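Chemist: The following block contains the structure, expressed as structure tokens.
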Amino acid sequence: MRVLMFGWEFPPHIAGGLGTACYGMTRGLARNDVDVTFVMPKASGDEDQRFVDVVNASDVEAVFGNVEGGVEDIIDKISFVHIDSNMVPYISPEEYLAYHDEYVKSGKKTWETSDVWSQRYTFSGKYGANLMEEVARYAIIAAQVAKDLEGQFDVIHAHDWLTYFAGIAAKRVSGKPLVVHMHATSFDRGSADNIDTRVYEMERAGMAAADCVIAVSNLTRNIIIEKYNIPADRVVTVHNAVRFEGKENEFLERGVEDKIVTFLGRITYQKGPDYFVEAAAKVLKRVPNVRFVMAGSGDMMNHVIRRVARLGIADRFHFTGFLRGDDVHKMFRLSDVYIMPSVSEPFGISPLEAMRSNVPVIISKQSGVAEVLDYAVKVDYWDVDAMADAIYGLITYPALADMFSKKGLEEVTNLKWNNAAAKIKKIYQEVIDNAK
Amino acid sequence: MKTICLYFQVHQPWRLKTYRFFNMGKDHNYLDDLTNRAIMQKIARQCYLPMNALLLKLIKENNGKFRCSFSLTGTVVEQFRAYAPEVLESFKALAETGCVEFLAETYSHSLAALASKEDFVEQVKLHTAMIKKEFGQKPTAFRNTELIYSDSIGAMVAEMGFKTMLAEGAKHILGWKSPDFVYANAEDQKLRLLLRNYKLSDDIAFRFSNQGWAEYPLTADKYASWLAAENGEVINLFMDYETFGEHQKASTGILDFMKALPKAILEHGDMEFETVSKAAAKHQPVSVLHCPHVMSWADEERDITAWIGNELQNEAFSKLYALKDKVKSLKNADFDYVWNFLQTSDHFYYMATKWLSDGDVHSYFNPYDSSYEAFINYMNVLSDFQIEVEKALAAKKSRKKA
């Protein structure tokens, strides 16, 4: 079976869970004997006039960067196609416009966004003037790619709304069935009455045109059925999984003796950073020997720093800025408790990564990952008292922490991408059969 | 006879390196040695060495008629010792002429006056001892960090035995009064105040090379005629020493201006140069200066909001001074050293969020991209220092028991 996949960048250059999920999924598919042609956007300089760059499987190592764990076993199964584009995951139409305006004004192609230690962003002026235009332009090139690769794939798989038009275009050109993968919905990014209707329309159009929609959790599946009016029999839940890289539990010398409670993710409204800060202040009133770490960057970072300062806990609440690669693993290994207080989380891979490193986790009930985990403390995101209680318990009672870390590791070990990929393969088979 | 009182502020902070959460508990070197050294050596080359040589020459040429005053912070002297000992030697040569007065201030260019009397007195004592050791003078005049002043700060300074103190000739304090007279502190009238004439001081420090300025180019003769036209008894020209060759590059002609200035002033016949203490002693105070709220020489507002005021600065400030008793009880020179450079006001200046009126000046002196970055970095360093202090205290206690 061969799939043409419209996906996102791979580790170590990732902006969040989407890249990690695509990576794990493609590996899992390769193990299940599915050939993947992976198409991804990549902004390059203006001097490069090629729009599409097909990367040989032998160059795959460069793409994977320093990710270990061996790529030899999947080298024949995955090939890459780079399409020149400014698109990055999670970008909003407003952000895109801001980058474009800045580009027009200054001619700068690369700059850091305004948050502390944030990611470097490359932008090229030869692409669309706004995100919607860019999505359309991307779709036209995707159609060309689909034509060029005609006969080399049986099914199309598109991740995240930005690539849905590309998926639809490829389907029209090739006549092959389309599967779209909902990693998040507009309702997770904004509040229910304040969503971006343009994005909503694209998501809906993508799902309406698809032969099957994959949701990362039942939570997301329900939103898709209720708010997008997609027939329930076309929406299937496939939970994400986690990959072991073999260095989750390498010894790491600890600098500080205090217990460390960690939040790791984009510091945005969706992730609930505020609730973490309030819970931290409550815990610090009771126990002195604990430190809180907020790793990541995002539009709420400065707000959170000010709140921490005003609460007078800045000597016990630390910010690391955006972490990548080894620093992420390091952060997990240094942690005694991991917390994900998301207001809305379609899935949430990061708690699984923490559990991999033997770290007990606290997750919000409003997350998809809560559906697959038993050995995680689950609280409502807004219930800072319960959150503080859970943190206090896990750092104060070793028996509790031990139980969660041991059982949690067992649990997460059974969440394999191979299994998730097998489910996806089954979906591919069904849509291919139905299309005949 | 009108007295011209020139005073130069010499200060460099110890800049912190990028200190991340991962460094905590493992790495206790907080300073960015490379940057500190590079900046010190650059400024020594552009400003300190050529200016000191020029002033020495002017003093010798004028047979004691040219005089000026300096205030050197403890942190800048530490950096001279480490990176530019020849600069320290040239200041000693100036001290030996007898025409240069060295003022007292806080050792770390700190905000201790705003923390507590105890912290303040300790910082001043440290600084006085350093000046005595390096230059053989016991200071009798005082200048507080950034000319931070209020009635009660003045009273503390008087209590420490100083006769004269410097302050800003701020409009909102003086009203219709002129800065060109000697004033007295409101709580202790024995303390004489010299107030900075900010217009004439900034003509040199800020406007000298500004080609859009109506008075550009500024010549020594023109400037001397302005001084001559000024009504008053003492004109206080206070500025950063780095004005000469660093803020205003040598190519602007600032060094030549300074070279010609003494002669141009003395030629008038009714003006003389004096050091701070002597200038204050020469004239009777004309009035008491009421300053119930704290002021400084910084920014348009002439207040202290550049260092204290927003939540980041307040948090860092209170967390720092909460450590004082613990650090003191350790009686350990290594800890005192860190304690001192952490107090430097510049760290708090980097955390300022008021960028509207004086953003240019702020960003010129700021190594960080944002106040938040500055805060995070400072708090990481402070947190590690806190841990080390606690560890050392625990070790000390267990030694005592044994």
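Letters A, B, ... go to the chains of the structure tokens in the order shown; residues in each chain start at 1; ligands are counted from 1 in the same order.
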Restrict the distance test to only C-alpha atoms, flag each residue of chain A within 8 Å of chain B, and return the flagged residues as a list in words.
Modeler: Val116, Arg254, Gly255, Val256, Asn302, Ile305, Arg306, Ala309, Arg310, Gly312, Ala314, Asp315, Arg316, His318, Phe319 and Thr320 of chain A
Chemist: Could you give me, as JSON, numbers by chain, the residues within 10 Å of His109 (chain B), counting only C-alpha atoms and dropping anything in the same chain fewer than 5 positions from it?
Modeler: {"B": [11, 12, 13, 72, 73, 74, 75, 76, 123, 124, 127, 144, 145, 146, 340, 341, 343, 344, 345, 346]}
Chemist: Find the residues near region 284-295 of chain B: any atom within 10 Å, counting only C-alpha atoms, skip ones fewer than 5 places away on the same chain, and give them as a ChimeraX atom specification.
Modeler: /B:114,146-154,167-170,172-174,177,181-194,233,301-305
Chemist: Considering only C-alpha atoms, return as a list in words whatever protein or nucleic-acid residues lie within 8 Å of region 343-349 of chain A, sequence-local ones (same chain, fewer than 5 positions apart) excluded.
Modeler: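 Counting only C-alpha atoms, the residues come to Gly17, Ala21, His183, Ala184, Thr185, Asp188, Arg189, Val216, Ser217, Leu219, Thr220, His239, Asn240, Ala241, Val242, Tyr269, Gln270, Lys271, Gly272, Ser364, Gln366, Ser367, Gly368, Val369, Tyr381 and Trp382 of chain A.
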Chemist: Among region 141-311 of chain B, which residues does DSSP mark as strand (DSSP E or B) when it is run on the backbone? Keep the chain and numbering as in the structure and answer as a count of residues only.
Modeler: 35
Chemist: How many Å lie between CA of Leu54 (chain B) and CA of Ile265 (chain B), rounded to one decimal?
Modeler: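 Pair CA of Leu54 (chain B) / CA of Ile265 (chain B) returns 16.7 Å.
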Chemist: Which residues in region 188-294 of chain A does DSSP call helix (DSSP H, G or I)? List them as a ChimeraX atom specification.
Modeler: /A:188-189,197-209,218-227,232-234,269-271,273-286
Chemist: Residues of the last selection are to be written out with C-alpha atoms, as an mmCIF file, in the first residue's frame.
Modeler:
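New file result26.cif:
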data_model
loop_
_atom_site.group_PDB
_atom_site.id
_atom_site.type_symbol
_atom_site.label_atom_id
_atom_site.label_comp_id
_atom_site.auth_asym_id
_atom_site.auth_seq_id
_atom_site.Cartn_x
_atom_site.Cartn_y
_atom_site.Cartn_z
ATOM 1 C CA ASP A 188 -9.573 24.254 20.627
ATOM 2 C CA ARG A 189 -7.687 27.286 19.422
ATOM 3 C CA THR A 197 -14.581 31.364 10.487
ATOM 4 C CA ARG A 198 -12.183 31.186 7.521
ATOM 5 C CA VAL A 199 -10.263 28.421 9.205
ATOM 6 C CA TYR A 200 -13.483 26.725 10.243
ATOM 7 C CA GLU A 201 -14.680 26.752 6.628
ATOM 8 C CA MET A 202 -11.448 25.184 5.410
ATOM 9 C CA GLU A 203 -11.601 22.486 8.053
ATOM 10 C CA ARG A 204 -15.200 21.748 7.176
ATOM 11 C CA ALA A 205 -14.486 21.712 3.435
ATOM 12 C CA GLY A 206 -11.564 19.326 3.981
ATOM 13 C CA MET A 207 -13.628 16.944 6.069
ATOM 14 C CA ALA A 208 -16.615 17.137 3.714
ATOM 15 C CA ALA A 209 -14.424 16.217 0.767
ATOM 16 C CA ASN A 218 -13.193 10.953 21.131
ATOM 17 C CA LEU A 219 -13.269 14.510 22.441
ATOM 18 C CA THR A 220 -12.223 15.759 19.014
ATOM 19 C CA ARG A 221 -14.500 13.254 17.257
ATOM 20 C CA ASN A 222 -17.521 14.647 19.099
ATOM 21 C CA ILE A 223 -16.629 18.206 18.148
ATOM 22 C CA ILE A 224 -16.284 17.143 14.513
ATOM 23 C CA ILE A 225 -19.687 15.471 14.512
ATOM 24 C CA GLU A 226 -21.503 18.171 16.457
ATOM 25 C CA LYS A 227 -19.920 21.386 15.300
ATOM 26 C CA ALA A 232 -20.543 10.024 12.530
ATOM 27 C CA ASP A 233 -19.829 6.920 10.443
ATOM 28 C CA ARG A 234 -17.126 8.792 8.526
ATOM 29 C CA TYR A 269 -4.406 30.448 26.350
ATOM 30 C CA GLN A 270 -5.224 26.950 25.065
ATOM 31 C CA LYS A 271 -2.551 25.372 27.259
ATOM 32 C CA PRO A 273 -0.486 28.349 31.798
ATOM 33 C CA ASP A 274 -2.324 30.703 34.171
ATOM 34 C CA TYR A 275 -3.823 27.823 36.156
ATOM 35 C CA PHE A 276 -0.395 26.306 36.610
ATOM 36 C CA VAL A 277 0.940 29.557 38.076
ATOM 37 C CA GLU A 278 -1.949 29.881 40.526
ATOM 38 C CA ALA A 279 -1.574 26.251 41.619
ATOM 39 C CA ALA A 280 2.181 26.783 42.058
ATOM 40 C CA ALA A 281 1.576 29.753 44.360
ATOM 41 C CA LYS A 282 -0.782 27.633 46.459
ATOM 42 C CA VAL A 283 1.711 24.778 46.767
ATOM 43 C CA LEU A 284 4.555 27.155 47.667
ATOM 44 C CA LYS A 285 2.553 28.430 50.607
ATOM 45 C CA ARG A 286 2.683 24.916 52.089
#
Chemist: With only C-alpha atoms as the basis for distance, which of B:Glu267, B:Glu274, B:Asp221, B:Asp240 is at the shortest distance from Glu101 (chain B)?
Modeler: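 Checking each of B:Glu267, B:Glu274, B:Asp221, B:Asp240 against Glu101 (chain B), counting only C-alpha atoms, the winner is B:Glu274.
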Chemist: CA of Glu430 (chain A) and CA of Cys212 (chain A), how far apart in Å?
Modeler: 9.2 Å
Chemist: Which is closer to Leu195 (chain B) than all the others in B:Asn29, B:Ser225, B:Thr164, B:Asn366, using only C-alpha atoms?
Modeler: B:Thr164
Chemist: Got a sec: who's within 6 Å of region 149-161 of chain A, counting only C-alpha atoms, leaving out chain neighbours fewer than 2 positions off, as a PyMOL selection string?
Modeler: chain A and resi 2-7+146-147+163-164+167+176-182+203
Chemist: Mind dumping the selected residues with N, CA and C atoms as a PDB file, in the first residue's frame?
Modeler:
ATOM      1  N   ARG A   2       0.449   2.233  -0.805  1.00  0.00           N
ATOM      2  CA  ARG A   2       1.278   3.438  -0.898  1.00  0.00           C
ATOM      3  C   ARG A   2       0.423   4.673  -0.590  1.00  0.00           C
ATOM      4  N   VAL A   3       0.965   5.568   0.243  1.00  0.00           N
ATOM      5  CA  VAL A   3       0.191   6.747   0.634  1.00  0.00           C
ATOM      6  C   VAL A   3       0.957   8.033   0.294  1.00  0.00           C
ATOM      7  N   LEU A   4       0.215   9.007  -0.208  1.00  0.00           N
ATOM      8  CA  LEU A   4       0.786  10.344  -0.429  1.00  0.00           C
ATOM      9  C   LEU A   4       0.346  11.194   0.761  1.00  0.00           C
ATOM     10  N   MET A   5       1.319  11.591   1.590  1.00  0.00           N
ATOM     11  CA  MET A   5       0.960  12.261   2.844  1.00  0.00           C
ATOM     12  C   MET A   5       1.366  13.725   2.831  1.00  0.00           C
ATOM     13  N   PHE A   6       0.411  14.578   3.148  1.00  0.00           N
ATOM     14  CA  PHE A   6       0.726  16.010   3.302  1.00  0.00           C
ATOM     15  C   PHE A   6       0.904  16.279   4.791  1.00  0.00           C
ATOM     16  N   GLY A   7       2.157  16.427   5.186  1.00  0.00           N
ATOM     17  CA  GLY A   7       2.427  16.509   6.625  1.00  0.00           C
ATOM     18  C   GLY A   7       3.274  17.708   6.985  1.00  0.00           C
ATOM     19  N   ALA A 146       0.887  15.606  -7.242  1.00  0.00           N
ATOM     20  CA  ALA A 146       0.046  14.420  -7.369  1.00  0.00           C
ATOM     21  C   ALA A 146       0.058  13.898  -8.805  1.00  0.00           C
ATOM     22  N   LYS A 147       0.085  14.807  -9.762  1.00  0.00           N
ATOM     23  CA  LYS A 147       0.108  14.431 -11.167  1.00  0.00           C
ATOM     24  C   LYS A 147       1.431  13.753 -11.514  1.00  0.00           C
ATOM     25  N   THR A 163      -3.251  21.971   5.106  1.00  0.00           N
ATOM     26  CA  THR A 163      -2.961  21.121   3.945  1.00  0.00           C
ATOM     27  C   THR A 163      -4.219  20.501   3.340  1.00  0.00           C
ATOM     28  N   TYR A 164      -5.376  20.839   3.880  1.00  0.00           N
ATOM     29  CA  TYR A 164      -6.588  20.195   3.381  1.00  0.00           C
ATOM     30  C   TYR A 164      -6.867  20.533   1.915  1.00  0.00           C
ATOM     31  N   GLY A 167      -4.828  18.428  -0.127  1.00  0.00           N
ATOM     32  CA  GLY A 167      -5.367  17.073  -0.171  1.00  0.00           C
ATOM     33  C   GLY A 167      -6.518  16.967  -1.162  1.00  0.00           C
ATOM     34  N   LYS A 176      -7.858   9.469  -6.303  1.00  0.00           N
ATOM     35  CA  LYS A 176      -7.626   8.559  -5.187  1.00  0.00           C
ATOM     36  C   LYS A 176      -8.378   9.038  -3.948  1.00  0.00           C
ATOM     37  N   PRO A 177      -8.745   8.125  -3.049  1.00  0.00           N
ATOM     38  CA  PRO A 177      -9.475   8.533  -1.847  1.00  0.00           C
ATOM     39  C   PRO A 177      -8.628   9.408  -0.907  1.00  0.00           C
ATOM     40  N   LEU A 178      -9.324  10.245  -0.146  1.00  0.00           N
ATOM     41  CA  LEU A 178      -8.644  11.196   0.747  1.00  0.00           C
ATOM     42  C   LEU A 178      -9.020  10.928   2.207  1.00  0.00           C
ATOM     43  N   VAL A 179      -7.988  10.888   3.033  1.00  0.00           N
ATOM     44  CA  VAL A 179      -8.185  10.793   4.478  1.00  0.00           C
ATOM     45  C   VAL A 179      -7.651  12.075   5.091  1.00  0.00           C
ATOM     46  N   VAL A 180      -8.461  12.765   5.910  1.00  0.00           N
ATOM     47  CA  VAL A 180      -7.907  13.949   6.592  1.00  0.00           C
ATOM     48  C   VAL A 180      -7.801  13.642   8.080  1.00  0.00           C
ATOM     49  N   HIS A 181      -6.798  14.237   8.694  1.00  0.00           N
ATOM     50  CA  HIS A 181      -6.465  13.938  10.087  1.00  0.00           C
ATOM     51  C   HIS A 181      -6.657  15.202  10.907  1.00  0.00           C
ATOM     52  N   MET A 182      -7.598  15.194  11.834  1.00  0.00           N
ATOM     53  CA  MET A 182      -7.855  16.375  12.672  1.00  0.00           C
ATOM     54  C   MET A 182      -7.029  16.288  13.959  1.00  0.00           C
ATOM     55  N   GLU A 203     -11.566  23.773   7.358  1.00  0.00           N
ATOM     56  CA  GLU A 203     -11.601  22.486   8.053  1.00  0.00           C
ATOM     57  C   GLU A 203     -12.832  21.694   7.595  1.00  0.00           C
TER      58      GLU A 203
END
Chemist: Compile the contact shell of region 257-261 of chain A as number ranges by chain: residues with an atom at most 10 Å away, counting only C-alpha atoms, same-chain residues fewer than 6 positions apart removed.
Modeler: A: 276, 280, 288-294, 316-317, 331-332, 334-339, 359-361, 391, 394-396; B: 25, 387
Chemist: Go ahead and write the residues just picked, N, CA and C atoms, as an mmCIF file, in the first residue's frame.
Modeler:
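Heads up, here's the output in result.cif:
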data_model
loop_
_atom_site.group_PDB
_atom_site.id
_atom_site.type_symbol
_atom_site.label_atom_id
_atom_site.label_comp_id
_atom_site.auth_asym_id
_atom_site.auth_seq_id
_atom_site.Cartn_x
_atom_site.Cartn_y
_atom_site.Cartn_z
ATOM 1 N N PHE A 276 -1.615 26.883 36.055
ATOM 2 C CA PHE A 276 -0.395 26.306 36.610
ATOM 3 C C PHE A 276 0.251 27.274 37.592
ATOM 4 N N ALA A 280 0.810 26.733 41.521
ATOM 5 C CA ALA A 280 2.181 26.783 42.058
ATOM 6 C C ALA A 280 2.224 27.669 43.304
ATOM 7 N N PRO A 288 8.128 24.512 51.017
ATOM 8 C CA PRO A 288 9.141 25.399 50.475
ATOM 9 C C PRO A 288 10.061 24.721 49.447
ATOM 10 N N ASN A 289 10.269 23.415 49.600
ATOM 11 C CA ASN A 289 11.337 22.792 48.806
ATOM 12 C C ASN A 289 10.851 22.274 47.458
ATOM 13 N N VAL A 290 10.221 23.137 46.694
ATOM 14 C CA VAL A 290 9.768 22.749 45.366
ATOM 15 C C VAL A 290 9.986 23.904 44.403
ATOM 16 N N ARG A 291 10.331 23.575 43.167
ATOM 17 C CA ARG A 291 10.505 24.591 42.135
ATOM 18 C C ARG A 291 9.611 24.278 40.954
ATOM 19 N N PHE A 292 9.121 25.321 40.325
ATOM 20 C CA PHE A 292 8.239 25.160 39.185
ATOM 21 C C PHE A 292 8.949 25.667 37.937
ATOM 22 N N VAL A 293 8.807 24.925 36.860
ATOM 23 C CA VAL A 293 9.469 25.320 35.628
ATOM 24 C C VAL A 293 8.437 25.419 34.514
ATOM 25 N N MET A 294 8.480 26.521 33.799
ATOM 26 C CA MET A 294 7.623 26.657 32.628
ATOM 27 C C MET A 294 8.524 26.696 31.407
ATOM 28 N N ARG A 316 11.260 30.855 42.781
ATOM 29 C CA ARG A 316 10.911 29.423 42.798
ATOM 30 C C ARG A 316 10.186 29.008 41.535
ATOM 31 N N PHE A 317 10.002 29.929 40.635
ATOM 32 C CA PHE A 317 9.275 29.658 39.396
ATOM 33 C C PHE A 317 10.166 30.095 38.237
ATOM 34 N N MET A 331 14.748 18.102 30.319
ATOM 35 C CA MET A 331 13.739 18.722 31.176
ATOM 36 C C MET A 331 12.831 17.655 31.791
ATOM 37 N N PHE A 332 12.421 16.676 30.971
ATOM 38 C CA PHE A 332 11.570 15.607 31.502
ATOM 39 C C PHE A 332 12.304 14.836 32.595
ATOM 40 N N LEU A 334 14.576 15.764 34.531
ATOM 41 C CA LEU A 334 14.793 16.548 35.756
ATOM 42 C C LEU A 334 13.510 16.700 36.568
ATOM 43 N N SER A 335 12.382 16.328 35.959
ATOM 44 C CA SER A 335 11.095 16.646 36.593
ATOM 45 C C SER A 335 10.649 15.574 37.578
ATOM 46 N N ASP A 336 9.970 16.004 38.623
ATOM 47 C CA ASP A 336 9.341 15.082 39.567
ATOM 48 C C ASP A 336 7.851 14.955 39.300
ATOM 49 N N VAL A 337 7.295 16.005 38.726
ATOM 50 C CA VAL A 337 5.882 15.970 38.341
ATOM 51 C C VAL A 337 5.761 16.726 37.021
ATOM 52 N N TYR A 338 4.941 16.175 36.108
ATOM 53 C CA TYR A 338 4.678 16.897 34.875
ATOM 54 C C TYR A 338 3.200 17.278 34.858
ATOM 55 N N ILE A 339 2.921 18.484 34.415
ATOM 56 C CA ILE A 339 1.533 18.924 34.445
ATOM 57 C C ILE A 339 1.111 19.518 33.111
ATOM 58 N N VAL A 359 8.064 9.973 34.836
ATOM 59 C CA VAL A 359 7.558 11.130 35.571
ATOM 60 C C VAL A 359 6.043 11.014 35.746
ATOM 61 N N PRO A 360 5.556 11.102 36.979
ATOM 62 C CA PRO A 360 4.111 11.112 37.201
ATOM 63 C C PRO A 360 3.491 12.357 36.572
ATOM 64 N N VAL A 361 2.288 12.200 36.007
ATOM 65 C CA VAL A 361 1.700 13.350 35.313
ATOM 66 C C VAL A 361 0.325 13.720 35.867
ATOM 67 N N ILE A 391 -0.357 18.141 43.027
ATOM 68 C CA ILE A 391 1.083 18.422 43.042
ATOM 69 C C ILE A 391 1.641 18.118 44.428
ATOM 70 N N LEU A 394 1.904 14.360 45.067
ATOM 71 C CA LEU A 394 2.949 13.671 44.308
ATOM 72 C C LEU A 394 4.358 14.021 44.782
ATOM 73 N N ILE A 395 4.555 15.242 45.311
ATOM 74 C CA ILE A 395 5.914 15.575 45.774
ATOM 75 C C ILE A 395 6.110 15.237 47.241
ATOM 76 N N THR A 396 5.015 14.965 47.958
ATOM 77 C CA THR A 396 5.150 14.729 49.388
ATOM 78 C C THR A 396 5.113 13.244 49.748
ATOM 79 N N GLY B 25 22.427 25.228 40.310
ATOM 80 C CA GLY B 25 22.929 24.163 41.159
ATOM 81 C C GLY B 25 24.244 23.580 40.683
ATOM 82 N N ILE B 387 20.324 29.388 46.721
ATOM 83 C CA ILE B 387 20.582 27.985 47.077
ATOM 84 C C ILE B 387 21.970 27.850 47.708
#
